[in-house]
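> File follows, structure-v7.cif with mmCIF, C-alpha atoms:
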data_work
#
loop_
_atom_site.label_atom_id
_atom_site.label_comp_id
_atom_site.auth_asym_id
_atom_site.auth_seq_id
_atom_site.Cartn_x
_atom_site.Cartn_y
_atom_site.Cartn_z
CA MET A 1 79.06 106.37 107.86
CA THR A 2 80.95 109.40 109.13
CA VAL A 3 81.58 111.99 106.43
CA SER A 4 84.33 114.57 106.88
CA ARG A 5 83.49 118.22 106.26
CA ASP A 6 87.09 119.03 105.36
CA PRO A 7 87.06 119.56 101.56
CA SER A 8 90.68 118.42 101.34
CA ALA A 9 89.94 115.11 103.07
CA GLY A 10 87.69 113.59 100.42
CA ALA A 11 83.97 112.95 100.42
CA LEU A 12 84.36 109.49 101.99
CA ALA A 13 86.81 110.47 104.73
CA GLY A 14 85.94 108.53 107.88
CA LEU A 15 84.97 105.41 105.93
CA ARG A 16 87.22 102.38 106.57
CA VAL A 17 87.50 99.72 103.87
CA VAL A 18 89.34 96.41 104.19
CA ASP A 19 90.43 95.17 100.76
CA ALA A 20 90.96 91.42 101.03
CA ALA A 21 90.43 90.77 97.32
CA THR A 22 93.02 89.98 94.65
CA LEU A 23 93.65 90.90 91.03
CA PHE A 24 91.29 93.48 89.65
CA ALA A 25 87.53 93.87 90.20
CA GLY A 26 87.51 93.93 94.00
CA PRO A 27 90.78 95.83 94.47
CA MET A 28 89.74 98.36 91.84
CA ALA A 29 86.46 98.98 93.67
CA ALA A 30 88.51 99.65 96.81
CA MET A 31 90.71 101.98 94.78
CA HIS A 32 87.69 104.03 93.69
CA LEU A 33 86.55 104.37 97.31
CA GLY A 34 90.07 105.30 98.40
CA ASP A 35 90.25 107.98 95.71
CA MET A 36 87.20 109.59 97.30
CA GLY A 37 88.86 109.71 100.73
CA ALA A 38 88.06 106.34 102.31
CA GLU A 39 90.80 104.76 104.41
CA VAL A 40 91.67 101.51 102.65
CA ILE A 41 93.66 98.71 104.27
CA LYS A 42 94.89 96.08 101.83
CA VAL A 43 95.21 92.57 103.30
CA GLU A 44 97.48 90.11 101.47
CA HIS A 45 98.86 86.66 102.25
CA PRO A 46 102.32 86.91 103.87
CA ALA A 47 103.95 84.65 101.27
CA LYS A 48 101.62 85.09 98.28
CA PRO A 49 100.94 88.78 97.52
CA ASP A 50 98.14 89.97 95.26
CA PRO A 51 99.09 88.61 91.79
CA SER A 52 98.45 92.05 90.31
CA ARG A 53 101.83 93.03 91.77
CA THR A 54 103.45 90.97 88.99
CA HIS A 55 101.07 91.87 86.12
CA GLY A 56 102.25 94.04 83.27
CA VAL A 57 105.50 95.91 82.98
CA ALA A 58 107.99 96.91 85.67
CA LYS A 59 110.77 99.44 86.03
CA ASP A 60 113.84 98.37 88.03
CA ASP A 61 111.75 95.46 89.39
CA VAL A 62 109.05 97.89 90.58
CA ASN A 63 105.66 96.85 89.18
CA LEU A 64 103.85 99.78 87.53
CA TRP A 65 100.31 98.37 87.51
CA TRP A 66 100.38 98.06 91.30
CA LYS A 67 101.36 101.71 91.67
CA THR A 68 97.91 102.63 90.34
CA LEU A 69 95.79 99.74 91.66
CA GLY A 70 97.36 99.90 95.12
CA ARG A 71 97.17 103.66 95.55
CA ASN A 72 95.68 105.12 98.72
CA LYS A 73 95.93 101.70 100.42
CA ARG A 74 97.93 100.80 103.51
CA THR A 75 99.25 97.26 103.12
CA VAL A 76 98.98 94.54 105.77
CA THR A 77 99.77 90.83 105.62
CA ALA A 78 97.68 88.08 107.22
CA ASP A 79 97.17 84.39 106.44
CA LEU A 80 93.42 84.08 106.89
CA ALA A 81 93.62 80.28 106.98
CA ASP A 82 95.87 80.53 110.06
CA GLU A 83 94.40 81.07 113.51
CA GLY A 84 96.68 84.07 114.08
CA GLY A 85 95.73 85.57 110.73
CA ARG A 86 92.08 84.99 111.57
CA GLU A 87 92.60 86.94 114.81
CA VAL A 88 94.05 89.84 112.82
CA PHE A 89 91.26 89.81 110.25
CA LEU A 90 88.51 89.71 112.87
CA ALA A 91 90.09 92.69 114.61
CA LEU A 92 90.31 94.59 111.33
CA ALA A 93 86.74 93.77 110.29
CA ALA A 94 85.44 94.85 113.69
CA THR A 95 86.68 98.40 112.96
CA ALA A 96 85.65 98.51 109.30
CA ASP A 97 82.64 99.84 107.45
CA VAL A 98 83.31 97.65 104.41
CA VAL A 99 85.16 94.42 103.67
CA ILE A 100 85.76 93.48 100.02
CA GLU A 101 86.71 89.86 99.23
CA ASN A 102 86.80 87.59 96.19
CA PHE A 103 87.52 84.13 97.55
CA ARG A 104 85.52 81.26 96.12
CA PRO A 105 82.11 80.98 97.79
CA GLY A 106 82.35 79.14 101.08
CA THR A 107 86.02 79.93 101.68
CA LEU A 108 85.51 82.62 104.32
CA GLU A 109 82.96 80.40 106.04
CA ARG A 110 85.44 77.52 106.12
CA TRP A 111 87.93 79.81 107.88
CA GLY A 112 85.32 80.96 110.40
CA LEU A 113 85.23 84.41 108.79
CA GLY A 114 81.82 84.38 107.13
CA TYR A 115 79.34 87.20 107.47
CA GLU A 116 77.73 85.57 110.50
CA GLU A 117 81.02 85.78 112.42
CA LEU A 118 82.00 89.20 111.10
CA SER A 119 78.62 90.84 111.69
CA ALA A 120 78.38 89.37 115.20
CA ARG A 121 81.26 91.69 116.13
CA ASN A 122 80.27 94.49 113.77
CA PRO A 123 76.54 94.60 112.89
CA GLY A 124 77.04 97.60 110.61
CA LEU A 125 79.58 95.88 108.38
CA VAL A 126 79.01 95.71 104.62
CA LEU A 127 80.65 92.61 103.13
CA ALA A 128 81.14 92.94 99.36
CA ARG A 129 81.72 89.56 97.72
CA VAL A 130 83.06 89.82 94.17
CA THR A 131 83.36 86.56 92.26
CA GLY A 132 83.17 85.40 88.67
CA PHE A 133 79.76 83.77 88.95
CA GLY A 134 78.25 84.97 92.22
CA GLN A 135 77.44 83.18 95.46
CA PHE A 136 74.74 80.90 94.01
CA GLY A 137 74.15 78.59 91.07
CA PRO A 138 75.93 75.70 89.37
CA TYR A 139 79.04 77.73 88.44
CA ARG A 140 79.54 79.35 91.86
CA THR A 141 82.75 77.41 92.69
CA ARG A 142 84.38 77.80 89.27
CA PRO A 143 87.45 80.03 88.99
CA GLY A 144 86.19 83.32 87.61
CA PHE A 145 88.12 85.96 85.68
CA GLY A 146 87.12 88.96 83.61
CA THR A 147 88.02 87.14 80.41
CA LEU A 148 85.33 84.55 81.10
CA ALA A 149 82.80 87.31 81.72
CA GLU A 150 83.75 89.01 78.45
CA ALA A 151 83.11 85.68 76.73
CA MET A 152 79.85 84.75 78.47
CA SER A 153 78.24 88.21 78.51
CA GLY A 154 77.99 88.51 74.74
CA PHE A 155 80.79 91.07 74.49
CA ALA A 156 83.26 88.86 72.60
CA ALA A 157 80.57 87.52 70.27
CA THR A 158 79.72 91.04 69.06
CA THR A 159 83.31 92.34 68.91
CA GLY A 160 85.63 91.92 65.94
CA GLU A 161 85.44 91.95 62.17
CA PRO A 162 82.44 90.28 60.48
CA ASP A 163 84.59 87.51 58.99
CA GLY A 164 86.89 87.23 62.00
CA PRO A 165 86.76 85.44 65.34
CA PRO A 166 85.11 86.75 68.50
CA THR A 167 87.48 89.28 70.03
CA LEU A 168 88.52 89.85 73.64
CA PRO A 169 89.72 93.25 74.90
CA PRO A 170 93.45 93.67 75.65
CA PHE A 171 92.72 94.83 79.21
CA GLY A 172 90.43 93.94 82.13
CA LEU A 173 87.21 95.40 80.76
CA ALA A 174 84.78 93.17 82.66
CA ASP A 175 86.78 93.63 85.86
CA GLY A 176 86.70 97.40 85.42
CA VAL A 177 82.96 97.46 84.85
CA ALA A 178 82.44 95.14 87.83
CA SER A 179 84.57 97.42 90.00
CA LEU A 180 82.24 100.32 89.29
CA ALA A 181 79.19 98.17 90.02
CA THR A 182 80.79 97.01 93.27
CA ALA A 183 81.60 100.54 94.42
CA PHE A 184 78.04 101.60 93.58
CA ALA A 185 76.55 98.59 95.39
CA ILE A 186 78.67 99.33 98.47
CA MET A 187 77.42 102.91 98.59
CA VAL A 188 73.81 101.68 98.25
CA ALA A 189 74.38 99.26 101.14
CA LEU A 190 75.93 102.01 103.25
CA SER A 191 72.98 104.30 102.52
CA THR A 192 70.63 101.51 103.58
CA ARG A 193 72.66 101.10 106.77
CA GLU A 194 71.99 104.74 107.59
CA GLN A 195 68.26 104.00 107.42
CA ARG A 196 68.13 100.56 109.04
CA GLY A 197 71.17 100.49 111.28
CA ARG A 198 72.66 97.26 109.94
CA GLY A 199 75.04 96.24 107.20
CA GLN A 200 74.47 93.51 104.64
CA VAL A 201 76.15 91.30 102.06
CA VAL A 202 76.76 92.61 98.53
CA ASP A 203 76.98 89.81 95.92
CA VAL A 204 78.61 90.88 92.63
CA ALA A 205 79.06 88.32 89.85
CA ILE A 206 81.53 89.66 87.29
CA ILE A 207 79.48 88.13 84.46
CA GLU A 208 76.54 90.47 85.17
CA PRO A 209 77.67 94.15 85.12
CA ILE A 210 79.28 93.90 81.68
CA LEU A 211 76.15 92.20 80.35
CA ALA A 212 74.15 95.20 81.55
CA MET A 213 76.42 97.52 79.52
CA LEU A 214 75.78 95.74 76.22
CA GLY A 215 72.37 97.16 75.47
CA PRO A 216 69.12 95.34 74.70
CA GLN A 217 70.64 92.10 73.42
CA ILE A 218 68.44 89.98 75.71
CA THR A 219 65.26 91.83 74.74
CA ARG A 220 66.25 91.59 71.07
CA TRP A 221 66.69 87.84 71.37
CA ASP A 222 63.42 87.51 73.26
CA GLN A 223 61.37 89.53 70.79
CA LEU A 224 63.09 88.92 67.45
CA ARG A 225 65.21 85.79 67.97
CA THR A 226 68.19 87.58 66.44
CA VAL A 227 71.61 88.46 67.81
CA GLN A 228 73.82 91.43 67.09
CA PRO A 229 76.44 90.54 64.46
CA ARG A 230 80.11 91.46 64.57
CA THR A 231 80.60 94.66 62.58
CA GLY A 232 84.19 95.68 63.34
CA ASN A 233 84.36 99.43 63.96
CA ARG A 234 81.06 99.99 62.23
CA SER A 235 77.69 100.28 63.95
CA THR A 236 74.36 98.75 63.04
CA ASN A 237 72.68 101.92 64.33
CA ASN A 238 74.29 104.65 62.24
CA ALA A 239 76.91 105.51 59.63
CA PRO A 240 79.42 106.82 58.91
CA ARG A 241 80.95 105.43 62.09
CA ASN A 242 84.46 104.07 61.77
CA THR A 243 88.15 104.77 62.13
CA TYR A 244 89.96 106.49 59.26
CA ARG A 245 93.63 107.04 58.50
CA THR A 246 94.98 110.53 57.83
CA SER A 247 97.68 111.49 55.32
CA ASP A 248 100.32 111.72 58.06
CA GLY A 249 99.70 108.19 59.31
CA HIS A 250 97.45 108.93 62.28
CA TRP A 251 93.96 107.60 62.91
CA VAL A 252 90.72 109.36 63.80
CA ALA A 253 87.29 108.11 64.87
CA VAL A 254 84.05 109.57 63.49
CA SER A 255 80.61 109.21 65.07
CA THR A 256 77.26 110.22 63.60
CA SER A 257 74.74 109.07 66.19
CA ALA A 258 72.77 112.29 65.65
CA GLN A 259 71.16 112.87 62.25
CA SER A 260 72.29 116.50 62.12
CA VAL A 261 75.90 115.45 62.67
CA ALA A 262 75.69 112.88 59.88
CA GLU A 263 74.52 115.61 57.53
CA ARG A 264 77.37 117.92 58.54
CA VAL A 265 79.94 115.18 57.96
CA VAL A 266 78.90 114.31 54.42
CA ARG A 267 78.59 117.98 53.47
CA LEU A 268 82.07 118.61 54.88
CA VAL A 269 83.59 115.81 52.77
CA GLY A 270 81.99 117.14 49.60
CA ARG A 271 79.02 114.77 49.27
CA PRO A 272 75.92 116.87 50.01
CA ASP A 273 74.07 114.74 47.48
CA LEU A 274 73.98 111.88 49.97
CA VAL A 275 71.74 113.87 52.30
CA GLU A 276 69.03 113.78 49.61
CA GLN A 277 69.00 109.99 49.42
CA PRO A 278 65.84 108.46 50.95
CA TRP A 279 67.91 106.11 53.12
CA PHE A 280 69.95 108.90 54.67
CA ALA A 281 67.16 110.02 57.00
CA SER A 282 67.49 106.95 59.24
CA GLY A 283 70.55 105.86 61.21
CA ALA A 284 69.79 102.18 60.65
CA ASP A 285 69.32 102.78 56.91
CA ARG A 286 72.57 104.74 56.77
CA ALA A 287 74.30 101.77 58.39
CA ARG A 288 73.14 99.60 55.48
CA HIS A 289 74.99 101.98 53.14
CA ALA A 290 78.18 102.05 55.22
CA ASP A 291 80.39 101.07 52.27
CA GLU A 292 79.43 104.15 50.28
CA LEU A 293 79.64 106.47 53.29
CA ASP A 294 82.99 105.09 54.46
CA GLU A 295 84.43 105.50 50.98
CA ALA A 296 83.39 109.17 50.87
CA VAL A 297 84.61 110.03 54.38
CA GLY A 298 87.73 107.87 54.24
CA ALA A 299 88.92 109.30 50.92
CA TRP A 300 88.53 112.89 52.16
CA ILE A 301 90.35 112.21 55.42
CA ALA A 302 93.16 110.29 53.70
CA GLN A 303 94.15 113.45 51.81
CA ARG A 304 94.64 115.57 54.95
CA THR A 305 96.72 115.58 58.11
CA ARG A 306 95.20 114.74 61.46
CA GLU A 307 95.49 118.35 62.60
CA ASP A 308 93.68 119.62 59.52
CA VAL A 309 90.99 116.94 59.69
CA VAL A 310 90.19 117.60 63.35
CA ALA A 311 90.15 121.35 62.79
CA ALA A 312 87.77 121.05 59.82
CA PHE A 313 85.41 118.75 61.71
CA GLU A 314 85.38 121.07 64.71
CA GLU A 315 84.59 124.06 62.52
CA ALA A 316 81.74 122.11 60.93
CA GLN A 317 80.51 121.00 64.39
CA ALA A 318 80.88 117.38 63.38
CA ALA A 319 81.93 114.69 65.88
CA ILE A 320 85.49 113.44 65.60
CA ALA A 321 88.30 112.40 67.93
CA PRO A 322 91.94 111.54 67.30
CA ILE A 323 92.85 108.00 68.32
CA TYR A 324 95.30 108.49 71.17
CA ASP A 325 98.01 106.50 72.85
CA ALA A 326 99.29 107.31 76.35
CA ALA A 327 101.69 110.00 75.12
CA ASP A 328 98.83 111.82 73.38
CA ILE A 329 96.65 111.63 76.49
CA VAL A 330 99.32 113.18 78.70
CA ALA A 331 99.85 116.04 76.23
CA ASP A 332 96.18 116.76 75.46
CA PRO A 333 94.91 120.16 76.73
CA GLN A 334 91.43 118.84 77.59
CA PHE A 335 92.81 116.15 79.91
CA ARG A 336 95.07 118.80 81.41
CA ALA A 337 92.16 121.16 81.97
CA LEU A 338 90.20 118.40 83.70
CA GLY A 339 93.18 117.44 85.85
CA THR A 340 92.87 113.84 84.67
CA ILE A 341 96.55 113.01 85.07
CA HIS A 342 98.14 113.35 88.51
CA GLU A 343 101.84 113.52 89.29
CA ILE A 344 102.57 111.73 92.57
CA ALA A 345 105.87 111.57 94.47
CA ASP A 346 106.63 107.86 94.68
CA PRO A 347 109.45 106.74 97.02
CA GLU A 348 110.58 104.03 94.60
CA LEU A 349 110.05 105.67 91.21
CA GLY A 350 110.24 109.39 91.98
CA PRO A 351 107.64 111.69 90.36
CA THR A 352 105.10 109.36 88.74
CA LEU A 353 102.11 110.04 86.50
CA VAL A 354 98.86 108.16 87.13
CA GLN A 355 95.29 108.63 85.96
CA GLY A 356 93.19 110.34 88.59
CA PRO A 357 89.76 109.66 90.12
CA LEU A 358 86.80 109.07 87.85
CA PHE A 359 85.00 112.36 88.45
CA ARG A 360 85.07 115.67 90.30
CA LEU A 361 82.83 116.93 93.10
CA SER A 362 82.27 120.63 93.74
CA GLY A 363 82.87 120.20 97.47
CA ASN A 364 85.12 117.16 97.91
CA ASP A 365 87.42 116.31 95.02
CA GLY A 366 89.08 112.93 95.02
CA VAL A 367 92.79 112.83 95.76
CA ILE A 368 95.63 110.36 95.33
CA ARG A 369 97.51 110.59 98.60
CA PHE A 370 100.16 108.00 97.71
CA THR A 371 100.84 105.28 95.16
CA GLY A 372 100.87 101.52 95.72
CA ARG A 373 102.85 100.54 98.80
CA PRO A 374 105.26 97.58 99.15
CA HIS A 375 103.86 94.24 100.30
CA GLY A 376 103.08 94.37 104.03
CA ALA A 377 104.65 97.79 104.51
CA ASP A 378 102.11 98.91 107.12
CA THR A 379 101.50 95.68 109.02
CA ASP A 380 103.13 96.73 112.28
CA GLU A 381 101.53 100.18 112.25
CA VAL A 382 98.00 98.96 111.53
CA LEU A 383 98.16 96.06 113.99
CA GLY A 384 99.49 98.44 116.63
CA GLU A 385 96.48 100.68 116.07
CA LEU A 386 94.25 97.63 116.62
CA GLY A 387 95.84 96.98 120.00
CA PHE A 388 98.35 94.27 119.11
CA THR A 389 101.53 94.64 121.15
CA PRO A 390 104.98 94.52 119.52
CA ASP A 391 105.57 91.14 121.16
CA ARG A 392 102.31 89.73 119.81
CA ILE A 393 103.07 91.04 116.33
CA ALA A 394 106.50 89.36 116.53
CA GLU A 395 104.85 86.08 117.56
CA LEU A 396 102.40 86.26 114.66
CA ARG A 397 105.21 86.98 112.24
CA ALA A 398 107.33 84.12 113.57
CA GLN A 399 104.50 81.63 113.01
CA GLY A 400 103.85 82.98 109.48
CA ALA A 401 100.43 84.41 110.32
CA VAL A 402 101.42 87.91 109.19
#
Step by step, read the file and then write its structure as structure tokens.

Amino acid sequence: MTVSRDPSAGALAGLRVVDAATLFAGPMAAMHLGDMGAEVIKVEHPAKPDPSRTHGVAKDDVNLWWKTLGRNKRTVTADLADEGGREVFLALAATADVVIENFRPGTLERWGLGYEELSARNPGLVLARVTGFGQFGPYRTRPGFGTLAEAMSGFAATTGEPDGPPTLPPFGLADGVASLATAFAIMVALSTREQRGRGQVVDVAIIEPILAMLGPQITRWDQLRTVQPRTGNRSTNNAPRNTYRTSDGHWVAVSTSAQSVAERVVRLVGRPDLVEQPWFASGADRARHADELDEAVGAWIAQRTREDVVAAFEEAQAAIAPIYDAADIVADPQFRALGTIHEIADPELGPTLVQGPLFRLSGNDGVIRFTGRPHGADTDEVLGELGFTPDRIAELRAQGAV
């Protein structure tokens, strides 16, 4: 892996990634790498673009989700099931450090594009395979989406009100978690390549990374034969921990994971007597008295505006956060100080706000060079760089291969 020393180029400058995945987990992993400076080439079917281009809302027929998910990616079309598209993909993979795909297991092999063929031309290639259930096992060929992972991982079973149904998130949570795991796994594989001189296959099953985020539920079941119940916004580990409505109609979230913070909260709301209760010394015991604690905290907050509540909590060094929507995030001074929101000049939308990279580096900050490009916008340019002549590109396009 060649790493640029130009701080403006990004820490992963010199890394080439081919994003042949669709929807969210794989493409989002490629997005993270692109944010850090990797060159990402997005490969889509000529007639069937990545379905994420039609997800969510649009402005003047311009999809907004794609503007974020497709950022920092040049877009190329190729039908991998076609011999001409296979020629294009082999040429791309031969120049790449990483290929990310999420076809059902066996699909690339059926097209003659499995790791055996790809690594024969490029022994250093890392092939990241992101599927719902992984490359092995009885479910390997099932269609896999983040929703199914949220169901099977235990997330839905523990989310929601105690007397309500299991609850799914209103966004691609499992896909997002899997994208981080995929990006991490790719970097591990690239580090190993530096030591051993060869690439390898990365196998990410979307059902696994979110399971790893849910704490010791497996160990709890193994040792106690119990499962975590649904508790709504409350926690079984501490209290008060909930959302509370202010007098001006806003909502705030309070956390008391630390014992000292719990004491500050109840003193602030005028109930220092609760600190003297024998059960108050333990987070788990406080959780068993959540009704009493929520009543005390909720009543105090309900009599004050959000601004006053947050100010009082901050002065008392107690943990609180206003519950934000997108407008609040854009206006918040902490997000502004961090540079979380980037304004990018988009040729279709004009100046456009998007959330930035996940973190900052002291030497090589991530950068959004451009937003999501139109379908196939860079096909001729990229194929030309690979040595395809204009006549050959025209032939491939005429036969529907690109």
> Can you list what the PyMOL selection byres ((chain A and resi 200) around 10) grabs from this structure, as a JSON list (two decimals) with C-alpha atoms, in the coordinates of the input?

[["chain", "number", "residue", "atom", "x", "y", "z"],
["A", 98, "VAL", "CA", 83.31, 97.65, 104.41],
["A", 115, "TYR", "CA", 79.34, 87.20, 107.47],
["A", 119, "SER", "CA", 78.62, 90.84, 111.69],
["A", 123, "PRO", "CA", 76.54, 94.60, 112.89],
["A", 124, "GLY", "CA", 77.04, 97.60, 110.61],
["A", 125, "LEU", "CA", 79.58, 95.88, 108.38],
["A", 126, "VAL", "CA", 79.01, 95.71, 104.62],
["A", 127, "LEU", "CA", 80.65, 92.61, 103.13],
["A", 128, "ALA", "CA", 81.14, 92.94, 99.36],
["A", 186, "ILE", "CA", 78.67, 99.33, 98.47],
["A", 189, "ALA", "CA", 74.38, 99.26, 101.14],
["A", 190, "LEU", "CA", 75.93, 102.01, 103.25],
["A", 192, "THR", "CA", 70.63, 101.51, 103.58],
["A", 193, "ARG", "CA", 72.66, 101.10, 106.77],
["A", 198, "ARG", "CA", 72.66, 97.26, 109.94],
["A", 199, "GLY", "CA", 75.04, 96.24, 107.20],
["A", 201, "VAL", "CA", 76.15, 91.30, 102.06],
["A", 202, "VAL", "CA", 76.76, 92.61, 98.53],
["A", 203, "ASP", "CA", 76.98, 89.81, 95.92]]
> Would you please work out which residue, of A:Arg392, A:His32, A:Arg225, A:Arg196, is nearest to Gly366 in chain A when using all atoms listed in the file?
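Closest to Gly366 in chain A, using all atoms listed in the file: A:His32.
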> So how many Å separate CA of Thr147 in chain A and CA of Ala178 in chain A, to one decimal?
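Value for the CA of Thr147 in chain A-CA of Ala178 in chain A distance: 12.3 Å.
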> For the structure provided, state which residues fall under the PyMOL selection byres ((chain A and resi 40-57) around 8), and present them as a ChimeraX atom specification.
/A:16-24,30-31,33-34,38-39,58-59,63-66,72-80,375-376,400-402
> What is the CA of Thr131 in chain A to CA of Ile100 in chain A distance in Å?
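Between CA of Thr131 in chain A and CA of Ile100 in chain A the gap works out to 10.7 Å.
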> Could you spell out the hits of the PyMOL selection byres ((chain A and resi 396) around 12) on the shown file, as JSON, numbers by chain?
{"A": [46, 77, 78, 79, 82, 83, 84, 85, 86, 87, 88, 379, 380, 383, 388, 389, 390, 391, 392, 393, 394, 395, 397, 398, 399, 400, 401, 402]}
> Hey, which of A:Leu386, A:Trp251, A:Gln223, A:Pro216 ends up closest to Thr95 in chain A? Count only C-alpha atoms.
A:Leu386
> If I take CA of Ala174 in chain A and CA of Gln217 in chain A, how far is one from the other in Å, to one decimal?
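Here the two named atoms are 16.9 Å from each other.
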> From (78.2, 99.4, 55.9), in the file's coordinates, out to 12 Å: which residues are reached, counting all atoms listed in the file? Answer as a list in words.
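Every residue inside that radius is included here: Pro162, Arg230, Thr231, Gly232, Asn233, Arg234, Ser235, Thr236, Asn237, Asn238, Ala239, Pro240, Arg241, Asn242, Gly283, Ala284, Asp285, Arg286, Ala287, Arg288, His289, Ala290, Asp291, Glu292, Leu293, Asp294 and Glu295 of chain A.
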> Using all atoms listed in the file, which residue out of A:Glu381, A:Asp308, A:Asp365, A:Asp346 lies closest to Gly37 in chain A?
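Among the listed residues, the smallest separation from Gly37 in chain A belongs to A:Asp365.
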> Taking all atoms listed in the file into account, which of A:Val269, A:Phe370, A:Phe335, A:Leu108 comes nearest Pro351 in chain A?
A:Phe370
> Give me the residues within 8 Å of range 272-282 of chain A as a VMD selection string, counting only C-alpha atoms and dropping any in the same chain fewer than 6 places off.
chain A and resid 238 259 263 266
